[in-house]
Amino acid sequence: MSAQPLVDLAHIDRAVQLLAPVMRRTPVVASRALSERCGHDVWLKCENLQRTGSFKPRGAYLRIAGLDEEQRARGVVAASAGNHAQGVAWSAGTLGISSTVFMPTGASLPKVAATRAYGADVMLHGATVDESLDAAIAFADETGAVLIHPFDHPDIVAGQATVGIEVLEQMPDVGTVLVPLGGGGLLAGVAAAIKLHNRAIRVIGVQAAAAAAWPDSLAQGGPVKATSMNTMADGIAVAKPGVVPFAHVSELVDEVVTVSEEAISQALVLVLERAKLVVEPAGATAVAAITSIPDLRLDGQVCVVLSGGNIDPLLLTQVTTHGLRAAGRYLTITATVPDRPGGLVALLELLRDIGVSVVDVIHSRVSGELRLGEVEVTVSLETKGPEHQARVRAALTESGYSFT
């Protein structure tokens, strides 16, 4: 057992009472598509519909509300790529406290704009959240502003625990809860709330495999920095777990699993199409676990936490295309056709007869590998799955087309 004390029921109850007037009680929505896939009743906990678009204001507001008058006068500072930034900015503004937020230089422009709109003074610094956090810590040392850590504080964990309390009230028969996992604040809080009420309920954390610090950390008995941080799920791309969340996760969480980038993008598309909900890649990781991991050992009714919905529209387009491609529903081919009247039409008629929908066509005569009398055509297609794509390729081969 860790020497770090865990948040108790009294701490969580105080959080519930303080946050009730200002936080939204986000809905749980049944998902027939996920239920059919895993054989359990699956419900989505929609924290993407929370204030500022994620669960983050729960912990941020509780932490800031607990500051004394002297601390409030000095203001608060935070570092984040987006969700925590907005949560701190909104919470501080609601409480009448000044806030400064350090964000990476490559942070999403809509997230930067939203953070400023909530009243924060935004400073762009560093290429990663870790570098932004270093700058925020230095700012706190220089100015006396109170650092509001995104996950490594008992108040943050207790605030996020209110998600778990709502799940228990909305789903009295819940048997398994799946939670996206980055620094660990949300998973730690949900696990604390769930396990303090019923130790039999399974709690599973889900991390992007391309940015997974938790498996090694749990194996070695303490927070260990990940060697890779290359994931589309920037909201959970945290290089090293926090000490406070680690104590909770190692003690209370039943299992931590990882999911691929392809699984995340497909999960995002599934939630968008079937549940009509917009989530960011980090918010879709728990869904990805259900759709891509066959041996999760789910028990009873299943609650999947959608942790956030703050996604740049341009990134949404890219991730959606990535997800459709991974699911076999989007195919791009480059074929060589005769450079004569009817050459392109013949290719398009063949594709029509196979039952694909053409999204766009690029026609080029300048490729270095083309011979005289040839033209290169790149066609993007909507297909019906891997088997349909195999039929497309077979038909092109049978018709004598050279393609990639």
# chains A, B, ... in the order shown; residues from 1 in each chain; ligands from 1

$ residues_around --residues "Ser250 (chain A)" --least-positions-apart "3" --cutoff "9 Å" --atoms "only C-alpha atoms" --output "ChimeraX atom specification"
/A:1-2,218,221-222,245-247,253-254

$ residues_around --residues "region 213-216 of chain A" --least-positions-apart "4" --cutoff "10 Å" --atoms "only C-alpha atoms" --output "MDAnalysis selection string"
chainID A and resid 181:184 205:209 220:229 237:241 246 249:250 255:258

$ write_last_selection --atoms "N, CA, C and O atoms" --output "short mmCIF file (atom, residue, chain, number, x, y, z; two decimals), in the first residue's frame"
data_model
loop_
_atom_site.label_atom_id
_atom_site.label_comp_id
_atom_site.auth_asym_id
_atom_site.auth_seq_id
_atom_site.Cartn_x
_atom_site.Cartn_y
_atom_site.Cartn_z
N LEU A 181 -7.22 7.59 -19.59
CA LEU A 181 -6.13 7.73 -18.63
C LEU A 181 -4.96 8.49 -19.24
O LEU A 181 -4.41 8.09 -20.27
N GLY A 182 -4.60 9.61 -18.60
CA GLY A 182 -3.41 10.37 -18.97
C GLY A 182 -2.53 10.55 -17.75
O GLY A 182 -1.79 9.65 -17.35
N GLY A 183 -2.64 11.71 -17.10
CA GLY A 183 -1.92 11.91 -15.85
C GLY A 183 -2.50 11.12 -14.70
O GLY A 183 -1.80 10.82 -13.73
N GLY A 184 -3.79 10.80 -14.79
CA GLY A 184 -4.40 9.92 -13.80
C GLY A 184 -5.42 10.55 -12.89
O GLY A 184 -6.04 9.85 -12.08
N GLY A 205 -8.72 1.55 -16.52
CA GLY A 205 -8.15 2.74 -17.14
C GLY A 205 -7.69 2.42 -18.54
O GLY A 205 -7.17 1.33 -18.81
N VAL A 206 -7.86 3.38 -19.46
CA VAL A 206 -7.50 3.15 -20.86
C VAL A 206 -6.57 4.25 -21.34
O VAL A 206 -6.92 5.44 -21.29
N GLN A 207 -5.40 3.84 -21.82
CA GLN A 207 -4.38 4.79 -22.26
C GLN A 207 -4.01 4.54 -23.71
O GLN A 207 -4.10 3.40 -24.20
N ALA A 208 -3.62 5.60 -24.42
CA ALA A 208 -3.13 5.45 -25.79
C ALA A 208 -1.80 4.72 -25.76
O ALA A 208 -0.88 5.11 -25.04
N ALA A 209 -1.68 3.66 -26.57
CA ALA A 209 -0.45 2.86 -26.57
C ALA A 209 0.76 3.68 -26.99
O ALA A 209 1.89 3.40 -26.56
N GLN A 220 6.75 -1.01 -12.14
CA GLN A 220 7.91 -0.65 -11.34
C GLN A 220 7.56 -0.06 -9.98
O GLN A 220 8.45 0.26 -9.18
N GLY A 221 6.26 0.10 -9.71
CA GLY A 221 5.84 0.54 -8.39
C GLY A 221 5.92 2.03 -8.13
O GLY A 221 5.86 2.47 -6.98
N GLY A 222 6.04 2.84 -9.18
CA GLY A 222 6.09 4.29 -9.02
C GLY A 222 6.08 4.96 -10.36
O GLY A 222 6.31 4.32 -11.40
N PRO A 223 5.78 6.27 -10.40
CA PRO A 223 5.70 6.99 -11.68
C PRO A 223 7.01 6.92 -12.46
O PRO A 223 8.08 7.22 -11.94
N VAL A 224 6.90 6.51 -13.73
CA VAL A 224 8.05 6.41 -14.63
C VAL A 224 7.71 7.18 -15.90
O VAL A 224 6.61 7.06 -16.43
N LYS A 225 8.67 7.93 -16.40
CA LYS A 225 8.44 8.73 -17.60
C LYS A 225 8.41 7.86 -18.84
O LYS A 225 9.26 6.99 -19.04
N ALA A 226 7.42 8.10 -19.70
CA ALA A 226 7.30 7.35 -20.95
C ALA A 226 8.37 7.80 -21.93
O ALA A 226 8.81 8.95 -21.91
N THR A 227 8.77 6.89 -22.81
CA THR A 227 9.80 7.21 -23.79
C THR A 227 9.21 7.76 -25.09
O THR A 227 9.93 8.31 -25.92
N SER A 228 7.90 7.59 -25.29
CA SER A 228 7.25 8.05 -26.51
C SER A 228 5.98 8.80 -26.18
O SER A 228 5.21 8.40 -25.31
N MET A 229 5.77 9.91 -26.89
CA MET A 229 4.54 10.71 -26.71
C MET A 229 4.01 11.09 -28.09
O MET A 229 3.89 12.24 -28.44
N ALA A 237 -1.85 12.79 -23.39
CA ALA A 237 -0.43 12.57 -23.70
C ALA A 237 0.42 13.16 -22.58
O ALA A 237 1.02 14.22 -22.71
N VAL A 238 0.45 12.46 -21.46
CA VAL A 238 1.20 12.89 -20.27
C VAL A 238 2.39 11.95 -20.09
O VAL A 238 2.22 10.73 -20.00
N ALA A 239 3.59 12.52 -20.03
CA ALA A 239 4.80 11.71 -20.02
C ALA A 239 4.99 10.94 -18.72
O ALA A 239 5.55 9.84 -18.73
N LYS A 240 4.52 11.50 -17.60
CA LYS A 240 4.78 10.86 -16.31
C LYS A 240 3.57 11.00 -15.40
O LYS A 240 3.07 12.10 -15.18
N PRO A 241 3.06 9.91 -14.84
CA PRO A 241 1.91 9.99 -13.94
C PRO A 241 2.22 10.81 -12.70
O PRO A 241 3.38 10.93 -12.28
N PHE A 246 -1.15 8.20 -8.84
CA PHE A 246 -0.54 6.86 -8.83
C PHE A 246 -0.95 6.08 -7.60
O PHE A 246 -1.25 4.88 -7.67
N VAL A 249 -4.56 4.90 -8.29
CA VAL A 249 -4.69 3.93 -9.38
C VAL A 249 -4.08 2.59 -8.99
O VAL A 249 -4.67 1.53 -9.21
N SER A 250 -2.90 2.62 -8.38
CA SER A 250 -2.24 1.36 -8.00
C SER A 250 -3.01 0.62 -6.93
O SER A 250 -2.99 -0.62 -6.87
N GLU A 255 -7.55 -2.71 -13.62
CA GLU A 255 -6.75 -3.00 -14.80
C GLU A 255 -6.50 -1.72 -15.59
O GLU A 255 -7.34 -0.83 -15.64
N VAL A 256 -5.31 -1.65 -16.20
CA VAL A 256 -4.99 -0.57 -17.14
C VAL A 256 -4.64 -1.21 -18.47
O VAL A 256 -3.81 -2.12 -18.54
N VAL A 257 -5.31 -0.75 -19.54
CA VAL A 257 -5.08 -1.30 -20.87
C VAL A 257 -4.69 -0.17 -21.82
O VAL A 257 -4.89 1.01 -21.51
N THR A 258 -4.14 -0.53 -22.97
CA THR A 258 -3.77 0.46 -23.98
C THR A 258 -4.46 0.16 -25.29
O THR A 258 -4.79 -1.00 -25.60
#

$ residues_around --residues "region 192-195 of chain A" --least-positions-apart "6" --cutoff "10 Å" --atoms "only C-alpha atoms" --output "ChimeraX atom specification"
/A:6-9,12-13,157-158,160-168,174,176-177,186,201-203,248-249,251-253

$ write_last_selection --atoms "C-alpha atoms" --output "short mmCIF file (atom, residue, chain, number, x, y, z; two decimals), in the first residue's frame"
data_model
loop_
_atom_site.label_atom_id
_atom_site.label_comp_id
_atom_site.auth_asym_id
_atom_site.auth_seq_id
_atom_site.Cartn_x
_atom_site.Cartn_y
_atom_site.Cartn_z
CA LEU A 6 -6.05 8.52 -0.59
CA VAL A 7 -8.97 10.92 -0.75
CA ASP A 8 -11.73 9.78 1.60
CA LEU A 9 -15.50 9.87 1.42
CA ILE A 12 -15.52 13.62 -1.96
CA ASP A 13 -18.77 14.57 -0.24
CA VAL A 157 -8.74 13.96 -7.56
CA ALA A 158 -11.68 14.68 -5.24
CA GLN A 160 -12.96 14.42 -10.57
CA ALA A 161 -14.42 11.86 -8.15
CA THR A 162 -17.78 13.59 -8.57
CA VAL A 163 -17.95 11.94 -12.01
CA GLY A 164 -17.90 8.58 -10.24
CA ILE A 165 -20.57 9.66 -7.74
CA GLU A 166 -22.87 10.64 -10.61
CA VAL A 167 -22.27 7.30 -12.33
CA LEU A 168 -23.26 5.45 -9.14
CA VAL A 174 -23.16 -0.61 -12.91
CA THR A 176 -17.72 -1.98 -14.91
CA VAL A 177 -16.49 1.57 -15.50
CA LEU A 186 -9.86 11.42 -13.60
CA ILE A 201 -17.31 -2.82 -9.38
CA ARG A 202 -14.51 -3.16 -11.93
CA VAL A 203 -12.65 0.03 -12.83
CA HIS A 248 -5.07 5.79 -6.10
CA VAL A 249 -4.69 3.93 -9.38
CA GLU A 251 -4.48 0.72 -5.00
CA LEU A 252 -7.97 0.91 -6.50
CA VAL A 253 -7.96 0.29 -10.25
#

$ residues_around --residues "region 266-276 of chain A" --least-positions-apart "6" --cutoff "7 Å" --atoms "only C-alpha atoms" --output "ChimeraX atom specification"
/A:31,33,284,287-288,320,323-324,326-327

$ closest_residue --among "A:His363, A:Arg391, A:Arg14, A:His40" --to "Gly175 (chain A)" --atoms "only C-alpha atoms"
A:His40

$ residues_around --residues "region 79-86 of chain A" --least-positions-apart "4" --cutoff "6 Å" --atoms "only C-alpha atoms" --output "count of residues only"
11

$ atom_distance --atom1 "CA of Val302 (chain A)" --atom2 "CA of Trp43 (chain A)"
6.2 Å

$ closest_residue --among "A:Val359, A:Leu315, A:Val366, A:Leu347" --to "Gly400 (chain A)" --atoms "only C-alpha atoms"
A:Leu347

$ select_by_dssp --residues "region 71-226 of chain A" --states "alpha helix (DSSP H)" --output "ChimeraX atom specification"
/A:71-74,83-94,109-117,129-143,154-170,185-197,214-220

$ select_by_dssp --residues "region 28-81 of chain A" --states "strand (DSSP E)" --output "PDB file with C-alpha atoms, in the first residue's frame"
ATOM      1  CA  VAL A  28     -25.531   8.905 -19.426  1.00  0.00           C
ATOM      2  CA  VAL A  29     -26.657   7.724 -22.847  1.00  0.00           C
ATOM      3  CA  ALA A  30     -27.304   4.120 -23.872  1.00  0.00           C
ATOM      4  CA  VAL A  42     -23.221  -0.069 -22.366  1.00  0.00           C
ATOM      5  CA  TRP A  43     -23.889   3.534 -21.357  1.00  0.00           C
ATOM      6  CA  LEU A  44     -21.814   6.611 -22.204  1.00  0.00           C
ATOM      7  CA  LYS A  45     -21.085   9.152 -19.458  1.00  0.00           C
ATOM      8  CA  CYS A  46     -21.005  12.392 -21.461  1.00  0.00           C
ATOM      9  CA  VAL A  76      -3.426  31.155 -10.178  1.00  0.00           C
ATOM     10  CA  VAL A  77      -1.271  29.692 -12.929  1.00  0.00           C
ATOM     11  CA  ALA A  78      -1.586  26.456 -14.906  1.00  0.00           C
ATOM     12  CA  ALA A  79      -0.137  24.601 -17.882  1.00  0.00           C
TER      13      ALA A  79
END

$ residues_around --residues "Ile354 (chain A)" --least-positions-apart "4" --cutoff "9 Å" --atoms "only C-alpha atoms" --output "VMD selection string"
chain A and resid 349 to 350 388 391 to 392 395

$ write_last_selection --atoms "all heavy atoms" --output "PDB file, in the first residue's frame"
ATOM      1  N   GLU A 349     -16.198   4.133 -64.528  1.00  0.00           N
ATOM      2  CA  GLU A 349     -17.322   3.213 -64.744  1.00  0.00           C
ATOM      3  C   GLU A 349     -17.065   1.876 -64.061  1.00  0.00           C
ATOM      4  O   GLU A 349     -17.985   1.263 -63.499  1.00  0.00           O
ATOM      5  CB  GLU A 349     -17.561   3.024 -66.232  1.00  0.00           C
ATOM      6  CG  GLU A 349     -18.198   4.239 -66.901  1.00  0.00           C
ATOM      7  CD  GLU A 349     -18.416   4.031 -68.390  1.00  0.00           C
ATOM      8  OE1 GLU A 349     -17.769   3.108 -68.969  1.00  0.00           O
ATOM      9  OE2 GLU A 349     -19.213   4.782 -68.985  1.00  0.00           O
ATOM     10  N   LEU A 350     -15.806   1.415 -64.086  1.00  0.00           N
ATOM     11  CA  LEU A 350     -15.463   0.179 -63.388  1.00  0.00           C
ATOM     12  C   LEU A 350     -15.717   0.320 -61.890  1.00  0.00           C
ATOM     13  O   LEU A 350     -16.316  -0.565 -61.255  1.00  0.00           O
ATOM     14  CB  LEU A 350     -13.993  -0.171 -63.652  1.00  0.00           C
ATOM     15  CG  LEU A 350     -13.421  -1.350 -62.839  1.00  0.00           C
ATOM     16  CD1 LEU A 350     -14.148  -2.643 -63.191  1.00  0.00           C
ATOM     17  CD2 LEU A 350     -11.924  -1.489 -63.082  1.00  0.00           C
ATOM     18  N   HIS A 388     -15.012  -5.348 -49.273  1.00  0.00           N
ATOM     19  CA  HIS A 388     -15.341  -4.534 -50.434  1.00  0.00           C
ATOM     20  C   HIS A 388     -14.072  -3.960 -51.051  1.00  0.00           C
ATOM     21  O   HIS A 388     -13.920  -3.926 -52.292  1.00  0.00           O
ATOM     22  CB  HIS A 388     -16.297  -3.414 -50.018  1.00  0.00           C
ATOM     23  CG  HIS A 388     -16.928  -2.702 -51.175  1.00  0.00           C
ATOM     24  ND1 HIS A 388     -17.488  -1.448 -51.062  1.00  0.00           N
ATOM     25  CD2 HIS A 388     -17.077  -3.043 -52.478  1.00  0.00           C
ATOM     26  CE1 HIS A 388     -17.966  -1.073 -52.228  1.00  0.00           C
ATOM     27  NE2 HIS A 388     -17.724  -2.019 -53.108  1.00  0.00           N
ATOM     28  N   ARG A 391     -12.425  -6.507 -53.171  1.00  0.00           N
ATOM     29  CA  ARG A 391     -13.089  -6.673 -54.460  1.00  0.00           C
ATOM     30  C   ARG A 391     -12.684  -5.554 -55.430  1.00  0.00           C
ATOM     31  O   ARG A 391     -12.534  -5.785 -56.631  1.00  0.00           O
ATOM     32  CB  ARG A 391     -14.608  -6.697 -54.298  1.00  0.00           C
ATOM     33  CG  ARG A 391     -15.123  -7.918 -53.551  1.00  0.00           C
ATOM     34  CD  ARG A 391     -16.596  -8.166 -53.844  1.00  0.00           C
ATOM     35  NE  ARG A 391     -17.447  -7.038 -53.500  1.00  0.00           N
ATOM     36  CZ  ARG A 391     -17.971  -6.833 -52.308  1.00  0.00           C
ATOM     37  NH1 ARG A 391     -17.701  -7.686 -51.319  1.00  0.00           N
ATOM     38  NH2 ARG A 391     -18.751  -5.789 -52.070  1.00  0.00           N
ATOM     39  N   VAL A 392     -12.518  -4.332 -54.903  1.00  0.00           N
ATOM     40  CA  VAL A 392     -12.071  -3.216 -55.732  1.00  0.00           C
ATOM     41  C   VAL A 392     -10.694  -3.513 -56.325  1.00  0.00           C
ATOM     42  O   VAL A 392     -10.467  -3.370 -57.538  1.00  0.00           O
ATOM     43  CB  VAL A 392     -12.027  -1.908 -54.926  1.00  0.00           C
ATOM     44  CG1 VAL A 392     -11.359  -0.797 -55.734  1.00  0.00           C
ATOM     45  CG2 VAL A 392     -13.430  -1.480 -54.517  1.00  0.00           C
ATOM     46  N   ALA A 395     -10.854  -6.310 -58.976  1.00  0.00           N
ATOM     47  CA  ALA A 395     -11.443  -5.862 -60.233  1.00  0.00           C
ATOM     48  C   ALA A 395     -10.458  -5.025 -61.042  1.00  0.00           C
ATOM     49  O   ALA A 395     -10.380  -5.144 -62.280  1.00  0.00           O
ATOM     50  CB  ALA A 395     -12.718  -5.071 -59.962  1.00  0.00           C
TER      51      ALA A 395
END

$ closest_residue --among "A:Gly283, A:Gly185, A:Gly96, A:Gly242" --to "Gln4 (chain A)" --atoms "only C-alpha atoms"
A:Gly242

$ atom_distance --atom1 "CA of Pro150 (chain A)" --atom2 "CA of Pro57 (chain A)"
10.2 Å

$ residues_around --residues "region 371-374 of chain A" --least-positions-apart "4" --cutoff "12 Å" --atoms "only C-alpha atoms" --output "mmCIF file with N, CA, C and O atoms, in the first residue's frame"
data_model
loop_
_atom_site.group_PDB
_atom_site.id
_atom_site.type_symbol
_atom_site.label_atom_id
_atom_site.label_comp_id
_atom_site.auth_asym_id
_atom_site.auth_seq_id
_atom_site.Cartn_x
_atom_site.Cartn_y
_atom_site.Cartn_z
ATOM 1 N N ALA A 335 -3.868 4.927 -59.970
ATOM 2 C CA ALA A 335 -3.837 4.004 -61.108
ATOM 3 C C ALA A 335 -3.274 4.699 -62.335
ATOM 4 O O ALA A 335 -3.413 5.913 -62.513
ATOM 5 N N THR A 336 -2.662 3.907 -63.192
ATOM 6 C CA THR A 336 -2.176 4.396 -64.482
ATOM 7 C C THR A 336 -3.198 4.028 -65.554
ATOM 8 O O THR A 336 -3.576 2.860 -65.686
ATOM 9 N N VAL A 337 -3.652 5.041 -66.320
ATOM 10 C CA VAL A 337 -4.663 4.800 -67.354
ATOM 11 C C VAL A 337 -4.152 5.355 -68.675
ATOM 12 O O VAL A 337 -3.283 6.247 -68.704
ATOM 13 N N PRO A 338 -4.679 4.866 -69.794
ATOM 14 C CA PRO A 338 -4.269 5.396 -71.106
ATOM 15 C C PRO A 338 -4.652 6.865 -71.254
ATOM 16 O O PRO A 338 -5.755 7.268 -70.879
ATOM 17 N N ASP A 339 -3.737 7.649 -71.782
ATOM 18 C CA ASP A 339 -3.983 9.084 -71.964
ATOM 19 C C ASP A 339 -4.678 9.306 -73.318
ATOM 20 O O ASP A 339 -4.088 9.807 -74.282
ATOM 21 N N ARG A 340 -5.938 8.897 -73.351
ATOM 22 C CA ARG A 340 -6.742 9.078 -74.551
ATOM 23 C C ARG A 340 -8.190 9.283 -74.134
ATOM 24 O O ARG A 340 -8.566 8.959 -73.005
ATOM 25 N N PRO A 341 -9.017 9.822 -75.008
ATOM 26 C CA PRO A 341 -10.421 10.042 -74.651
ATOM 27 C C PRO A 341 -11.091 8.763 -74.167
ATOM 28 O O PRO A 341 -10.970 7.714 -74.799
ATOM 29 N N GLY A 343 -10.336 7.205 -71.334
ATOM 30 C CA GLY A 343 -9.512 6.439 -70.396
ATOM 31 C C GLY A 343 -9.961 6.619 -68.951
ATOM 32 O O GLY A 343 -10.103 5.648 -68.207
ATOM 33 N N LEU A 344 -10.186 7.871 -68.544
ATOM 34 C CA LEU A 344 -10.645 8.140 -67.175
ATOM 35 C C LEU A 344 -12.069 7.631 -66.970
ATOM 36 O O LEU A 344 -12.383 7.061 -65.921
ATOM 37 N N HIS A 363 -5.992 14.141 -61.465
ATOM 38 C CA HIS A 363 -5.544 13.687 -62.774
ATOM 39 C C HIS A 363 -4.199 14.347 -63.060
ATOM 40 O O HIS A 363 -4.092 15.573 -63.023
ATOM 41 N N SER A 364 -3.132 13.566 -63.323
ATOM 42 C CA SER A 364 -1.802 14.153 -63.496
ATOM 43 C C SER A 364 -1.062 13.500 -64.653
ATOM 44 O O SER A 364 -1.096 12.271 -64.817
ATOM 45 N N ARG A 365 -0.377 14.332 -65.445
ATOM 46 C CA ARG A 365 0.454 13.834 -66.539
ATOM 47 C C ARG A 365 1.944 14.038 -66.259
ATOM 48 O O ARG A 365 2.773 13.805 -67.133
ATOM 49 N N VAL A 366 2.303 14.480 -65.042
ATOM 50 C CA VAL A 366 3.686 14.902 -64.797
ATOM 51 C C VAL A 366 4.461 13.948 -63.892
ATOM 52 O O VAL A 366 5.575 14.255 -63.498
ATOM 53 N N SER A 367 3.923 12.803 -63.536
ATOM 54 C CA SER A 367 4.671 11.856 -62.710
ATOM 55 C C SER A 367 5.896 11.371 -63.457
ATOM 56 O O SER A 367 5.835 11.053 -64.667
ATOM 57 N N TYR A 401 -5.314 -2.833 -64.843
ATOM 58 C CA TYR A 401 -4.778 -1.558 -64.344
ATOM 59 C C TYR A 401 -3.557 -1.792 -63.454
ATOM 60 O O TYR A 401 -3.532 -2.730 -62.643
ATOM 61 N N SER A 402 -2.584 -0.916 -63.624
ATOM 62 C CA SER A 402 -1.446 -0.860 -62.695
ATOM 63 C C SER A 402 -1.785 0.191 -61.645
ATOM 64 O O SER A 402 -2.072 1.345 -61.987
#

$ closest_residue --among "A:Ala210, A:Asp312, A:Val356, A:Asp155" --to "Leu109 (chain A)" --atoms "only C-alpha atoms"
A:Asp312

$ closest_residue --among "A:Ala127, A:Leu67, A:Ala188, A:Ile204" --to "Leu296 (chain A)" --atoms "only C-alpha atoms"
A:Ile204

$ decode --residues "region 102-117 of chain A" --atoms "C-alpha atoms" --output "PDB file, in the first residue's frame"
ATOM      1  CA  PHE A 102       0.931  28.416 -20.247  1.00  0.00           C
ATOM      2  CA  MET A 103       0.152  26.422 -23.383  1.00  0.00           C
ATOM      3  CA  PRO A 104       2.477  24.738 -25.928  1.00  0.00           C
ATOM      4  CA  THR A 105       3.231  26.779 -29.036  1.00  0.00           C
ATOM      5  CA  GLY A 106       1.470  24.168 -31.134  1.00  0.00           C
ATOM      6  CA  ALA A 107      -1.722  24.123 -29.070  1.00  0.00           C
ATOM      7  CA  SER A 108      -4.981  24.030 -30.999  1.00  0.00           C
ATOM      8  CA  LEU A 109      -6.033  27.545 -31.983  1.00  0.00           C
ATOM      9  CA  PRO A 110      -9.673  26.998 -30.924  1.00  0.00           C
ATOM     10  CA  LYS A 111      -8.484  25.846 -27.469  1.00  0.00           C
ATOM     11  CA  VAL A 112      -6.203  28.864 -27.124  1.00  0.00           C
ATOM     12  CA  ALA A 113      -9.036  31.178 -28.155  1.00  0.00           C
ATOM     13  CA  ALA A 114     -11.482  29.521 -25.762  1.00  0.00           C
ATOM     14  CA  THR A 115      -9.038  29.782 -22.847  1.00  0.00           C
ATOM     15  CA  ARG A 116      -8.596  33.488 -23.498  1.00  0.00           C
ATOM     16  CA  ALA A 117     -12.359  33.906 -23.841  1.00  0.00           C
TER      17      ALA A 117
END
